[in-house]
file start11.cif (mmCIF, N, CA, C and O atoms)
data_start
#
loop_
_atom_site.label_atom_id
_atom_site.label_comp_id
_atom_site.auth_asym_id
_atom_site.auth_seq_id
_atom_site.Cartn_x
_atom_site.Cartn_y
_atom_site.Cartn_z
N MET A 25 -176.40 -30.27 142.04
CA MET A 25 -176.00 -29.50 143.20
C MET A 25 -175.78 -28.05 142.75
O MET A 25 -175.06 -27.79 141.80
N LYS A 26 -176.41 -27.13 143.45
CA LYS A 26 -176.33 -25.71 143.09
C LYS A 26 -175.55 -24.95 144.15
O LYS A 26 -175.77 -25.13 145.35
N ILE A 27 -174.64 -24.11 143.71
CA ILE A 27 -173.88 -23.26 144.62
C ILE A 27 -174.76 -22.06 144.96
O ILE A 27 -175.11 -21.28 144.08
N LYS A 28 -175.11 -21.93 146.23
CA LYS A 28 -176.00 -20.86 146.65
C LYS A 28 -175.26 -19.60 147.06
O LYS A 28 -175.83 -18.53 147.10
N SER A 29 -173.99 -19.72 147.41
CA SER A 29 -173.17 -18.57 147.78
C SER A 29 -171.76 -18.80 147.22
O SER A 29 -171.02 -19.63 147.74
N GLN A 30 -171.41 -18.05 146.19
CA GLN A 30 -170.10 -18.22 145.56
C GLN A 30 -168.96 -17.87 146.51
O GLN A 30 -167.94 -18.55 146.54
N ARG A 31 -169.12 -16.83 147.28
CA ARG A 31 -168.06 -16.41 148.21
C ARG A 31 -167.77 -17.50 149.23
O ARG A 31 -166.61 -17.84 149.47
N ASP A 32 -168.80 -18.05 149.84
CA ASP A 32 -168.59 -19.11 150.83
C ASP A 32 -168.02 -20.36 150.18
O ASP A 32 -167.20 -21.05 150.77
N PHE A 33 -168.46 -20.66 148.97
CA PHE A 33 -167.97 -21.86 148.29
C PHE A 33 -166.48 -21.77 148.02
O PHE A 33 -165.71 -22.66 148.36
N TRP A 34 -166.05 -20.67 147.41
CA TRP A 34 -164.63 -20.55 147.04
C TRP A 34 -163.73 -20.37 148.26
O TRP A 34 -162.62 -20.89 148.29
N SER A 35 -164.20 -19.66 149.28
CA SER A 35 -163.37 -19.53 150.48
C SER A 35 -163.30 -20.86 151.22
O SER A 35 -162.23 -21.23 151.74
N GLY A 36 -164.40 -21.60 151.28
CA GLY A 36 -164.37 -22.92 151.91
C GLY A 36 -163.47 -23.88 151.17
O GLY A 36 -162.69 -24.62 151.79
N LEU A 37 -163.52 -23.84 149.85
CA LEU A 37 -162.64 -24.70 149.05
C LEU A 37 -161.18 -24.34 149.26
O LEU A 37 -160.32 -25.22 149.38
N MET A 38 -160.88 -23.04 149.36
CA MET A 38 -159.52 -22.60 149.61
C MET A 38 -159.02 -23.10 150.96
O MET A 38 -157.90 -23.61 151.07
N PHE A 39 -159.86 -23.00 151.99
CA PHE A 39 -159.47 -23.49 153.31
C PHE A 39 -159.25 -24.99 153.32
O PHE A 39 -158.32 -25.49 153.96
N VAL A 40 -160.09 -25.74 152.63
CA VAL A 40 -159.92 -27.19 152.58
C VAL A 40 -158.61 -27.55 151.90
O VAL A 40 -157.83 -28.38 152.40
N VAL A 41 -158.32 -26.94 150.77
CA VAL A 41 -157.10 -27.26 150.02
C VAL A 41 -155.86 -26.88 150.83
O VAL A 41 -154.90 -27.67 150.93
N ILE A 42 -155.83 -25.69 151.41
CA ILE A 42 -154.67 -25.26 152.19
C ILE A 42 -154.52 -26.13 153.45
O ILE A 42 -153.41 -26.52 153.81
N GLY A 43 -155.63 -26.45 154.10
CA GLY A 43 -155.57 -27.29 155.29
C GLY A 43 -155.04 -28.68 154.99
O GLY A 43 -154.19 -29.21 155.72
N ILE A 44 -155.49 -29.28 153.90
CA ILE A 44 -154.99 -30.60 153.51
C ILE A 44 -153.52 -30.51 153.14
O ILE A 44 -152.72 -31.39 153.46
N GLY A 45 -153.13 -29.41 152.48
CA GLY A 45 -151.72 -29.22 152.13
C GLY A 45 -150.83 -29.14 153.36
O GLY A 45 -149.76 -29.76 153.41
N PHE A 46 -151.27 -28.39 154.38
CA PHE A 46 -150.48 -28.29 155.61
C PHE A 46 -150.41 -29.63 156.33
O PHE A 46 -149.36 -30.03 156.82
N ALA A 47 -151.54 -30.34 156.40
CA ALA A 47 -151.55 -31.64 157.07
C ALA A 47 -150.65 -32.63 156.33
O ALA A 47 -149.92 -33.41 156.95
N TRP A 48 -150.70 -32.60 155.02
CA TRP A 48 -149.87 -33.51 154.22
C TRP A 48 -148.39 -33.16 154.37
O TRP A 48 -147.54 -34.03 154.50
N GLY A 49 -148.07 -31.87 154.38
CA GLY A 49 -146.69 -31.45 154.57
C GLY A 49 -146.16 -31.81 155.95
O GLY A 49 -144.97 -32.08 156.13
N ALA A 50 -147.03 -31.84 156.94
CA ALA A 50 -146.61 -32.19 158.30
C ALA A 50 -146.25 -33.65 158.43
O ALA A 50 -145.56 -34.04 159.38
N LEU A 51 -146.69 -34.48 157.50
CA LEU A 51 -146.37 -35.91 157.57
C LEU A 51 -144.88 -36.18 157.36
O LEU A 51 -144.41 -37.27 157.67
N ASN A 52 -144.14 -35.19 156.85
CA ASN A 52 -142.70 -35.35 156.66
C ASN A 52 -141.92 -35.20 157.97
O ASN A 52 -140.75 -35.52 158.02
N TYR A 53 -142.56 -34.68 159.01
CA TYR A 53 -141.91 -34.45 160.28
C TYR A 53 -142.21 -35.60 161.25
O TYR A 53 -143.10 -36.40 161.04
N ASN A 54 -141.47 -35.60 162.36
CA ASN A 54 -141.65 -36.62 163.38
C ASN A 54 -142.79 -36.22 164.30
O ASN A 54 -142.80 -35.12 164.85
N PHE A 55 -143.77 -37.12 164.50
CA PHE A 55 -144.89 -36.84 165.40
C PHE A 55 -144.51 -36.97 166.86
O PHE A 55 -145.10 -36.33 167.71
N GLY A 56 -143.56 -37.80 167.17
CA GLY A 56 -143.17 -38.02 168.56
C GLY A 56 -144.20 -38.87 169.28
O GLY A 56 -144.89 -39.68 168.69
N THR A 57 -144.31 -38.66 170.58
CA THR A 57 -145.29 -39.38 171.38
C THR A 57 -146.26 -38.39 171.99
O THR A 57 -146.09 -37.18 171.88
N SER A 58 -147.26 -38.92 172.69
CA SER A 58 -148.23 -38.03 173.34
C SER A 58 -147.59 -37.23 174.46
O SER A 58 -147.96 -36.08 174.71
N ALA A 59 -146.63 -37.84 175.14
CA ALA A 59 -145.96 -37.14 176.24
C ALA A 59 -144.96 -36.11 175.73
O ALA A 59 -144.75 -35.08 176.35
N ARG A 60 -144.32 -36.41 174.60
CA ARG A 60 -143.34 -35.50 174.01
C ARG A 60 -143.67 -35.32 172.53
O ARG A 60 -143.09 -35.98 171.68
N PRO A 61 -144.61 -34.42 172.23
CA PRO A 61 -145.00 -34.24 170.84
C PRO A 61 -143.85 -33.68 170.00
O PRO A 61 -143.08 -32.86 170.46
N GLY A 62 -143.80 -34.15 168.77
CA GLY A 62 -142.76 -33.70 167.86
C GLY A 62 -143.20 -32.48 167.07
O GLY A 62 -144.27 -31.90 167.30
N PRO A 63 -142.38 -32.07 166.10
CA PRO A 63 -142.67 -30.86 165.33
C PRO A 63 -143.85 -31.01 164.36
O PRO A 63 -144.27 -30.02 163.77
N ALA A 64 -144.40 -32.19 164.20
CA ALA A 64 -145.52 -32.37 163.27
C ALA A 64 -146.87 -32.13 163.92
O ALA A 64 -147.87 -31.96 163.21
N TYR A 65 -146.94 -32.13 165.24
CA TYR A 65 -148.24 -32.01 165.92
C TYR A 65 -148.98 -30.72 165.57
O TYR A 65 -150.15 -30.76 165.21
N PHE A 66 -148.32 -29.58 165.69
CA PHE A 66 -149.02 -28.31 165.48
C PHE A 66 -149.44 -28.11 164.02
O PHE A 66 -150.62 -27.81 163.77
N PRO A 67 -148.55 -28.27 163.02
CA PRO A 67 -149.01 -28.06 161.65
C PRO A 67 -150.05 -29.07 161.20
O PRO A 67 -150.97 -28.74 160.45
N PHE A 68 -149.96 -30.32 161.69
CA PHE A 68 -150.95 -31.32 161.32
C PHE A 68 -152.31 -30.97 161.92
O PHE A 68 -153.33 -30.98 161.23
N GLY A 69 -152.32 -30.61 163.20
CA GLY A 69 -153.58 -30.23 163.85
C GLY A 69 -154.18 -28.98 163.24
O GLY A 69 -155.40 -28.90 163.03
N LEU A 70 -153.34 -27.99 162.94
CA LEU A 70 -153.83 -26.76 162.32
C LEU A 70 -154.39 -27.04 160.93
O LEU A 70 -155.43 -26.51 160.54
N GLY A 71 -153.71 -27.90 160.16
CA GLY A 71 -154.19 -28.25 158.83
C GLY A 71 -155.54 -28.96 158.87
O GLY A 71 -156.44 -28.65 158.08
N ILE A 72 -155.69 -29.89 159.81
CA ILE A 72 -156.97 -30.59 159.93
C ILE A 72 -158.06 -29.62 160.36
O ILE A 72 -159.18 -29.65 159.83
N LEU A 73 -157.75 -28.73 161.30
CA LEU A 73 -158.73 -27.74 161.75
C LEU A 73 -159.16 -26.83 160.60
O LEU A 73 -160.34 -26.54 160.42
N MET A 74 -158.19 -26.38 159.78
CA MET A 74 -158.52 -25.53 158.63
C MET A 74 -159.40 -26.27 157.64
O MET A 74 -160.35 -25.71 157.08
N ALA A 75 -159.09 -27.55 157.38
CA ALA A 75 -159.87 -28.34 156.44
C ALA A 75 -161.30 -28.53 156.95
O ALA A 75 -162.27 -28.46 156.17
N VAL A 76 -161.46 -28.77 158.24
CA VAL A 76 -162.80 -28.95 158.81
C VAL A 76 -163.60 -27.64 158.72
O VAL A 76 -164.77 -27.65 158.33
N LEU A 77 -162.96 -26.51 159.05
CA LEU A 77 -163.66 -25.23 158.94
C LEU A 77 -164.02 -24.92 157.48
O LEU A 77 -165.09 -24.37 157.20
N GLY A 78 -163.14 -25.27 156.56
CA GLY A 78 -163.46 -25.09 155.15
C GLY A 78 -164.61 -25.97 154.70
O GLY A 78 -165.45 -25.55 153.91
N ALA A 79 -164.67 -27.20 155.22
CA ALA A 79 -165.78 -28.10 154.89
C ALA A 79 -167.10 -27.55 155.41
O ALA A 79 -168.14 -27.66 154.74
N VAL A 80 -167.07 -26.92 156.59
CA VAL A 80 -168.28 -26.28 157.12
C VAL A 80 -168.71 -25.14 156.19
O VAL A 80 -169.89 -24.97 155.90
N GLY A 81 -167.74 -24.35 155.72
CA GLY A 81 -168.06 -23.27 154.79
C GLY A 81 -168.62 -23.80 153.47
O GLY A 81 -169.56 -23.22 152.92
N LEU A 82 -168.06 -24.89 152.97
CA LEU A 82 -168.58 -25.49 151.75
C LEU A 82 -170.00 -25.99 151.96
O LEU A 82 -170.88 -25.80 151.10
N PHE A 83 -170.25 -26.63 153.09
CA PHE A 83 -171.61 -27.10 153.38
C PHE A 83 -172.59 -25.95 153.44
O PHE A 83 -173.69 -26.03 152.89
N LYS A 84 -172.17 -24.85 154.08
CA LYS A 84 -173.04 -23.67 154.16
C LYS A 84 -173.31 -23.09 152.77
O LYS A 84 -174.43 -22.70 152.47
N ALA A 85 -172.28 -23.07 151.93
CA ALA A 85 -172.44 -22.51 150.59
C ALA A 85 -173.36 -23.35 149.72
O ALA A 85 -174.01 -22.83 148.81
N LEU A 86 -173.44 -24.63 150.00
CA LEU A 86 -174.26 -25.51 149.17
C LEU A 86 -175.65 -25.74 149.75
O LEU A 86 -176.51 -26.30 149.07
N SER A 87 -175.88 -25.31 151.00
CA SER A 87 -177.17 -25.62 151.61
C SER A 87 -177.98 -24.39 152.03
O SER A 87 -179.19 -24.44 152.07
N VAL A 88 -177.32 -23.29 152.36
CA VAL A 88 -178.03 -22.10 152.86
C VAL A 88 -178.23 -21.12 151.71
O VAL A 88 -177.26 -20.67 151.09
N GLU A 89 -179.48 -20.80 151.44
CA GLU A 89 -179.81 -19.87 150.36
C GLU A 89 -179.61 -18.43 150.83
O GLU A 89 -180.03 -18.07 151.92
N THR A 90 -178.92 -17.61 150.02
CA THR A 90 -178.76 -16.20 150.33
C THR A 90 -179.62 -15.38 149.37
O THR A 90 -180.06 -15.88 148.34
N ALA A 91 -179.84 -14.13 149.71
CA ALA A 91 -180.76 -13.29 148.94
C ALA A 91 -180.28 -13.09 147.50
O ALA A 91 -181.03 -13.28 146.55
N ASP A 92 -179.03 -12.68 147.32
CA ASP A 92 -178.55 -12.38 145.97
C ASP A 92 -177.53 -13.39 145.47
O ASP A 92 -176.98 -13.21 144.39
N GLY A 93 -177.24 -14.40 146.22
CA GLY A 93 -176.28 -15.41 145.78
C GLY A 93 -174.84 -15.03 146.06
O GLY A 93 -173.94 -15.78 145.71
N ASP A 94 -174.58 -13.91 146.68
CA ASP A 94 -173.22 -13.46 147.00
C ASP A 94 -172.25 -13.65 145.84
O ASP A 94 -171.35 -14.47 145.90
N PRO A 95 -172.42 -12.91 144.74
CA PRO A 95 -171.48 -13.06 143.62
C PRO A 95 -170.10 -12.53 143.99
O PRO A 95 -169.96 -11.67 144.85
N ILE A 96 -169.11 -13.05 143.32
CA ILE A 96 -167.74 -12.60 143.53
C ILE A 96 -167.47 -11.43 142.60
O ILE A 96 -167.75 -11.49 141.42
N GLY A 97 -166.91 -10.36 143.13
CA GLY A 97 -166.63 -9.18 142.34
C GLY A 97 -165.33 -9.33 141.56
O GLY A 97 -164.66 -10.36 141.59
N GLY A 98 -164.93 -8.27 140.89
CA GLY A 98 -163.69 -8.27 140.12
C GLY A 98 -162.47 -8.22 141.03
O GLY A 98 -162.56 -7.94 142.22
N ILE A 99 -161.32 -8.49 140.45
CA ILE A 99 -160.07 -8.46 141.21
C ILE A 99 -159.60 -7.02 141.34
O ILE A 99 -159.53 -6.28 140.36
N ALA A 100 -159.27 -6.61 142.55
CA ALA A 100 -158.75 -5.27 142.81
C ALA A 100 -157.24 -5.31 142.53
O ALA A 100 -156.45 -5.68 143.39
N TRP A 101 -156.85 -4.93 141.33
CA TRP A 101 -155.46 -5.08 140.90
C TRP A 101 -154.51 -4.12 141.59
O TRP A 101 -153.35 -4.46 141.85
N ARG A 102 -154.95 -2.91 141.89
CA ARG A 102 -154.06 -1.93 142.50
C ARG A 102 -153.50 -2.40 143.85
O ARG A 102 -152.28 -2.37 144.06
N PRO A 103 -154.34 -2.87 144.79
CA PRO A 103 -153.77 -3.37 146.05
C PRO A 103 -152.88 -4.60 145.85
O PRO A 103 -151.87 -4.75 146.55
N VAL A 104 -153.23 -5.46 144.92
CA VAL A 104 -152.40 -6.64 144.66
C VAL A 104 -151.01 -6.23 144.19
O VAL A 104 -149.99 -6.74 144.66
N ILE A 105 -150.95 -5.26 143.29
CA ILE A 105 -149.66 -4.80 142.76
C ILE A 105 -148.87 -4.07 143.85
O ILE A 105 -147.65 -4.27 143.98
N ILE A 106 -149.53 -3.23 144.65
CA ILE A 106 -148.82 -2.49 145.69
C ILE A 106 -148.25 -3.44 146.74
O ILE A 106 -147.09 -3.31 147.14
N ILE A 107 -149.02 -4.41 147.18
CA ILE A 107 -148.54 -5.35 148.19
C ILE A 107 -147.41 -6.21 147.64
O ILE A 107 -146.40 -6.44 148.30
N THR A 108 -147.56 -6.68 146.40
CA THR A 108 -146.49 -7.49 145.79
C THR A 108 -145.22 -6.68 145.63
O THR A 108 -144.12 -7.17 145.92
N ALA A 109 -145.34 -5.43 145.19
CA ALA A 109 -144.17 -4.57 145.03
C ALA A 109 -143.50 -4.31 146.39
O ALA A 109 -142.27 -4.30 146.49
N ALA A 110 -144.28 -4.11 147.44
CA ALA A 110 -143.73 -3.88 148.77
C ALA A 110 -142.95 -5.10 149.26
O ALA A 110 -141.89 -4.95 149.86
N VAL A 111 -143.45 -6.27 148.99
CA VAL A 111 -142.75 -7.49 149.40
C VAL A 111 -141.47 -7.66 148.61
O VAL A 111 -140.42 -8.02 149.14
N VAL A 112 -141.51 -7.40 147.31
CA VAL A 112 -140.34 -7.56 146.45
C VAL A 112 -139.26 -6.55 146.84
O VAL A 112 -138.08 -6.89 146.89
N ILE A 113 -139.66 -5.31 147.11
CA ILE A 113 -138.70 -4.28 147.45
C ILE A 113 -138.12 -4.57 148.81
O ILE A 113 -136.95 -4.50 149.08
#
call {"tool": "encode", "arguments": {"input": "start11.cif", "output": "structure tokens"}}
result
Amino acid sequence: MKIKSQRDFWSGLMFVVIGIGFAWGALNYNFGTSARPGPAYFPFGLGILMAVLGAVGLFKALSVETADGDPIGGIAWRPVIIITAAVVI
């Protein structure tokens, strides 16, 4: 299996992992009933939706050929440091 687009592959994988994490975390809450949904409905549904969208991105990255392969560039350290410092301050 060849990765045809690195950007789509890694972003799709990130969405799948985060979506599964949210859905798994929502299992700790009460689902309630269909008439009176509990606090787990929204995070569970959102997590499943994120995982499905990530799976679509992964499928696209593994099946659709791009011209240059969409390589991932280097990490832009300056914005990462500025944003982290702003949050810490």
call {"tool": "atom_distance", "arguments": {"input": "start11.cif", "atom1": "atom N of A:Arg102", "atom2": "atom C of A:Leu82"}}
result
29.3 Å
call {"tool": "atom_distance", "arguments": {"input": "start11.cif", "atom1": "atom O of A:Leu70", "atom2": "atom CA of A:Leu51"}}
result
13.4 Å
call {"tool": "closest_atom_pairs", "arguments": {"input": "start11.cif", "of": "stretch 59-94 of chain A", "to": "stretch 39-42 of chain A", "cutoff": "4.5 Å", "atoms": "only N, CA, C and O atoms", "output": "JSON lines"}}
result
{"residue": "A:Met74", "atom": "O", "partner": "A:Phe39", "partner_atom": "O", "distance": 3.7}
{"residue": "A:Ala75", "atom": "CA", "partner": "A:Val40", "partner_atom": "CA", "distance": 4.0}
{"residue": "A:Gly78", "atom": "CA", "partner": "A:Val40", "partner_atom": "N", "distance": 4.3}
call {"tool": "closest_residue", "arguments": {"input": "start11.cif", "among": "A:Asn52, A:Gln30, A:Ser35, A:Ser58", "to": "A:Leu77", "atoms": "only C-alpha atoms"}}
result
A:Ser35
call {"tool": "closest_residue", "arguments": {"input": "start11.cif", "among": "A:Gly71, A:Arg60, A:Gly81, A:Arg31", "to": "A:Ile44", "atoms": "only C-alpha atoms"}}
result
A:Gly71
call {"tool": "select_by_dssp", "arguments": {"input": "start11.cif", "residues": "stretch 77-111 of chain A", "states": "helix (DSSP H, G or I)", "output": "PyMOL selection string"}}
result
chain A and resi 77-87+101-111
call {"tool": "atom_distance", "arguments": {"input": "start11.cif", "atom1": "atom CA of A:Leu73", "atom2": "atom CA of A:Phe55"}}
result
17.0 Å
call {"tool": "closest_residue", "arguments": {"input": "start11.cif", "among": "A:Trp101, A:Phe33, A:Phe46, A:Phe83", "to": "A:Ala64", "atoms": "only N, CA, C and O atoms"}}
result
A:Phe46
call {"tool": "resolve_selection", "arguments": {"input": "start11.cif", "expression": "the PyMOL selection byres ((chain A and resi 86) around 6)", "output": "list in words"}}
result
Lys26, Ile27, Lys28, Ser29, Gly81, Leu82, Phe83, Lys84, Ala85, Ser87 and Val88 of chain A
call {"tool": "build_atoms", "arguments": {"input": "start11.cif", "residues": "stretch 101-112 of chain A", "atoms": "all heavy atoms", "output": "PDB file, in the frame of the given file"}}
result
ATOM      1  N   TRP A 101    -156.850  -4.930 141.330  1.00  0.00           N
ATOM      2  CA  TRP A 101    -155.460  -5.080 140.900  1.00  0.00           C
ATOM      3  C   TRP A 101    -154.510  -4.120 141.590  1.00  0.00           C
ATOM      4  O   TRP A 101    -153.350  -4.460 141.850  1.00  0.00           O
ATOM      5  CB  TRP A 101    -155.351  -4.894 139.383  1.00  0.00           C
ATOM      6  CG  TRP A 101    -155.940  -6.063 138.646  1.00  0.00           C
ATOM      7  CD1 TRP A 101    -157.109  -6.086 137.949  1.00  0.00           C
ATOM      8  CD2 TRP A 101    -155.402  -7.376 138.569  1.00  0.00           C
ATOM      9  NE1 TRP A 101    -157.330  -7.331 137.447  1.00  0.00           N
ATOM     10  CE2 TRP A 101    -156.286  -8.150 137.799  1.00  0.00           C
ATOM     11  CE3 TRP A 101    -154.260  -7.989 139.073  1.00  0.00           C
ATOM     12  CZ2 TRP A 101    -156.065  -9.491 137.530  1.00  0.00           C
ATOM     13  CZ3 TRP A 101    -154.040  -9.324 138.802  1.00  0.00           C
ATOM     14  CH2 TRP A 101    -154.933 -10.058 138.038  1.00  0.00           C
ATOM     15  N   ARG A 102    -154.950  -2.910 141.890  1.00  0.00           N
ATOM     16  CA  ARG A 102    -154.060  -1.930 142.500  1.00  0.00           C
ATOM     17  C   ARG A 102    -153.500  -2.400 143.850  1.00  0.00           C
ATOM     18  O   ARG A 102    -152.280  -2.370 144.060  1.00  0.00           O
ATOM     19  CB  ARG A 102    -154.783  -0.594 142.641  1.00  0.00           C
ATOM     20  CG  ARG A 102    -153.885   0.489 143.150  1.00  0.00           C
ATOM     21  CD  ARG A 102    -154.563   1.846 143.091  1.00  0.00           C
ATOM     22  NE  ARG A 102    -153.633   2.869 143.535  1.00  0.00           N
ATOM     23  CZ  ARG A 102    -153.967   3.879 144.299  1.00  0.00           C
ATOM     24  NH1 ARG A 102    -155.218   4.015 144.685  1.00  0.00           N
ATOM     25  NH2 ARG A 102    -153.066   4.754 144.664  1.00  0.00           N
ATOM     26  N   PRO A 103    -154.340  -2.870 144.790  1.00  0.00           N
ATOM     27  CA  PRO A 103    -153.770  -3.370 146.050  1.00  0.00           C
ATOM     28  C   PRO A 103    -152.880  -4.600 145.850  1.00  0.00           C
ATOM     29  O   PRO A 103    -151.870  -4.750 146.550  1.00  0.00           O
ATOM     30  CB  PRO A 103    -155.000  -3.720 146.891  1.00  0.00           C
ATOM     31  CG  PRO A 103    -156.124  -2.976 146.284  1.00  0.00           C
ATOM     32  CD  PRO A 103    -155.791  -2.812 144.854  1.00  0.00           C
ATOM     33  N   VAL A 104    -153.230  -5.460 144.920  1.00  0.00           N
ATOM     34  CA  VAL A 104    -152.400  -6.640 144.660  1.00  0.00           C
ATOM     35  C   VAL A 104    -151.010  -6.230 144.190  1.00  0.00           C
ATOM     36  O   VAL A 104    -149.990  -6.740 144.660  1.00  0.00           O
ATOM     37  CB  VAL A 104    -153.080  -7.568 143.614  1.00  0.00           C
ATOM     38  CG1 VAL A 104    -152.134  -8.662 143.159  1.00  0.00           C
ATOM     39  CG2 VAL A 104    -154.352  -8.163 144.163  1.00  0.00           C
ATOM     40  N   ILE A 105    -150.950  -5.260 143.290  1.00  0.00           N
ATOM     41  CA  ILE A 105    -149.660  -4.800 142.760  1.00  0.00           C
ATOM     42  C   ILE A 105    -148.870  -4.070 143.850  1.00  0.00           C
ATOM     43  O   ILE A 105    -147.650  -4.270 143.980  1.00  0.00           O
ATOM     44  CB  ILE A 105    -149.882  -3.896 141.528  1.00  0.00           C
ATOM     45  CG1 ILE A 105    -150.426  -4.738 140.366  1.00  0.00           C
ATOM     46  CG2 ILE A 105    -148.615  -3.179 141.131  1.00  0.00           C
ATOM     47  CD1 ILE A 105    -150.901  -3.943 139.181  1.00  0.00           C
ATOM     48  N   ILE A 106    -149.530  -3.230 144.650  1.00  0.00           N
ATOM     49  CA  ILE A 106    -148.820  -2.490 145.690  1.00  0.00           C
ATOM     50  C   ILE A 106    -148.250  -3.440 146.740  1.00  0.00           C
ATOM     51  O   ILE A 106    -147.090  -3.310 147.140  1.00  0.00           O
ATOM     52  CB  ILE A 106    -149.771  -1.456 146.338  1.00  0.00           C
ATOM     53  CG1 ILE A 106    -150.067  -0.336 145.343  1.00  0.00           C
ATOM     54  CG2 ILE A 106    -149.172  -0.891 147.627  1.00  0.00           C
ATOM     55  CD1 ILE A 106    -151.148   0.633 145.806  1.00  0.00           C
ATOM     56  N   ILE A 107    -149.020  -4.410 147.180  1.00  0.00           N
ATOM     57  CA  ILE A 107    -148.540  -5.350 148.190  1.00  0.00           C
ATOM     58  C   ILE A 107    -147.410  -6.210 147.640  1.00  0.00           C
ATOM     59  O   ILE A 107    -146.400  -6.440 148.300  1.00  0.00           O
ATOM     60  CB  ILE A 107    -149.700  -6.211 148.727  1.00  0.00           C
ATOM     61  CG1 ILE A 107    -150.638  -5.338 149.526  1.00  0.00           C
ATOM     62  CG2 ILE A 107    -149.191  -7.369 149.569  1.00  0.00           C
ATOM     63  CD1 ILE A 107    -151.931  -6.008 149.924  1.00  0.00           C
ATOM     64  N   THR A 108    -147.560  -6.680 146.400  1.00  0.00           N
ATOM     65  CA  THR A 108    -146.490  -7.490 145.790  1.00  0.00           C
ATOM     66  C   THR A 108    -145.220  -6.680 145.630  1.00  0.00           C
ATOM     67  O   THR A 108    -144.120  -7.170 145.920  1.00  0.00           O
ATOM     68  CB  THR A 108    -146.967  -8.008 144.410  1.00  0.00           C
ATOM     69  OG1 THR A 108    -148.186  -8.734 144.584  1.00  0.00           O
ATOM     70  CG2 THR A 108    -145.926  -8.914 143.790  1.00  0.00           C
ATOM     71  N   ALA A 109    -145.340  -5.430 145.190  1.00  0.00           N
ATOM     72  CA  ALA A 109    -144.170  -4.570 145.030  1.00  0.00           C
ATOM     73  C   ALA A 109    -143.500  -4.310 146.390  1.00  0.00           C
ATOM     74  O   ALA A 109    -142.270  -4.300 146.490  1.00  0.00           O
ATOM     75  CB  ALA A 109    -144.548  -3.254 144.376  1.00  0.00           C
ATOM     76  N   ALA A 110    -144.280  -4.110 147.440  1.00  0.00           N
ATOM     77  CA  ALA A 110    -143.730  -3.880 148.770  1.00  0.00           C
ATOM     78  C   ALA A 110    -142.950  -5.100 149.260  1.00  0.00           C
ATOM     79  O   ALA A 110    -141.890  -4.950 149.860  1.00  0.00           O
ATOM     80  CB  ALA A 110    -144.837  -3.520 149.744  1.00  0.00           C
ATOM     81  N   VAL A 111    -143.450  -6.270 148.990  1.00  0.00           N
ATOM     82  CA  VAL A 111    -142.750  -7.490 149.400  1.00  0.00           C
ATOM     83  C   VAL A 111    -141.470  -7.660 148.610  1.00  0.00           C
ATOM     84  O   VAL A 111    -140.420  -8.020 149.140  1.00  0.00           O
ATOM     85  CB  VAL A 111    -143.680  -8.719 149.260  1.00  0.00           C
ATOM     86  CG1 VAL A 111    -142.903 -10.013 149.454  1.00  0.00           C
ATOM     87  CG2 VAL A 111    -144.827  -8.627 150.254  1.00  0.00           C
ATOM     88  N   VAL A 112    -141.510  -7.400 147.310  1.00  0.00           N
ATOM     89  CA  VAL A 112    -140.340  -7.560 146.450  1.00  0.00           C
ATOM     90  C   VAL A 112    -139.260  -6.550 146.840  1.00  0.00           C
ATOM     91  O   VAL A 112    -138.080  -6.890 146.890  1.00  0.00           O
ATOM     92  CB  VAL A 112    -140.726  -7.420 144.965  1.00  0.00           C
ATOM     93  CG1 VAL A 112    -139.508  -7.308 144.074  1.00  0.00           C
ATOM     94  CG2 VAL A 112    -141.584  -8.590 144.537  1.00  0.00           C
TER      95      VAL A 112
END
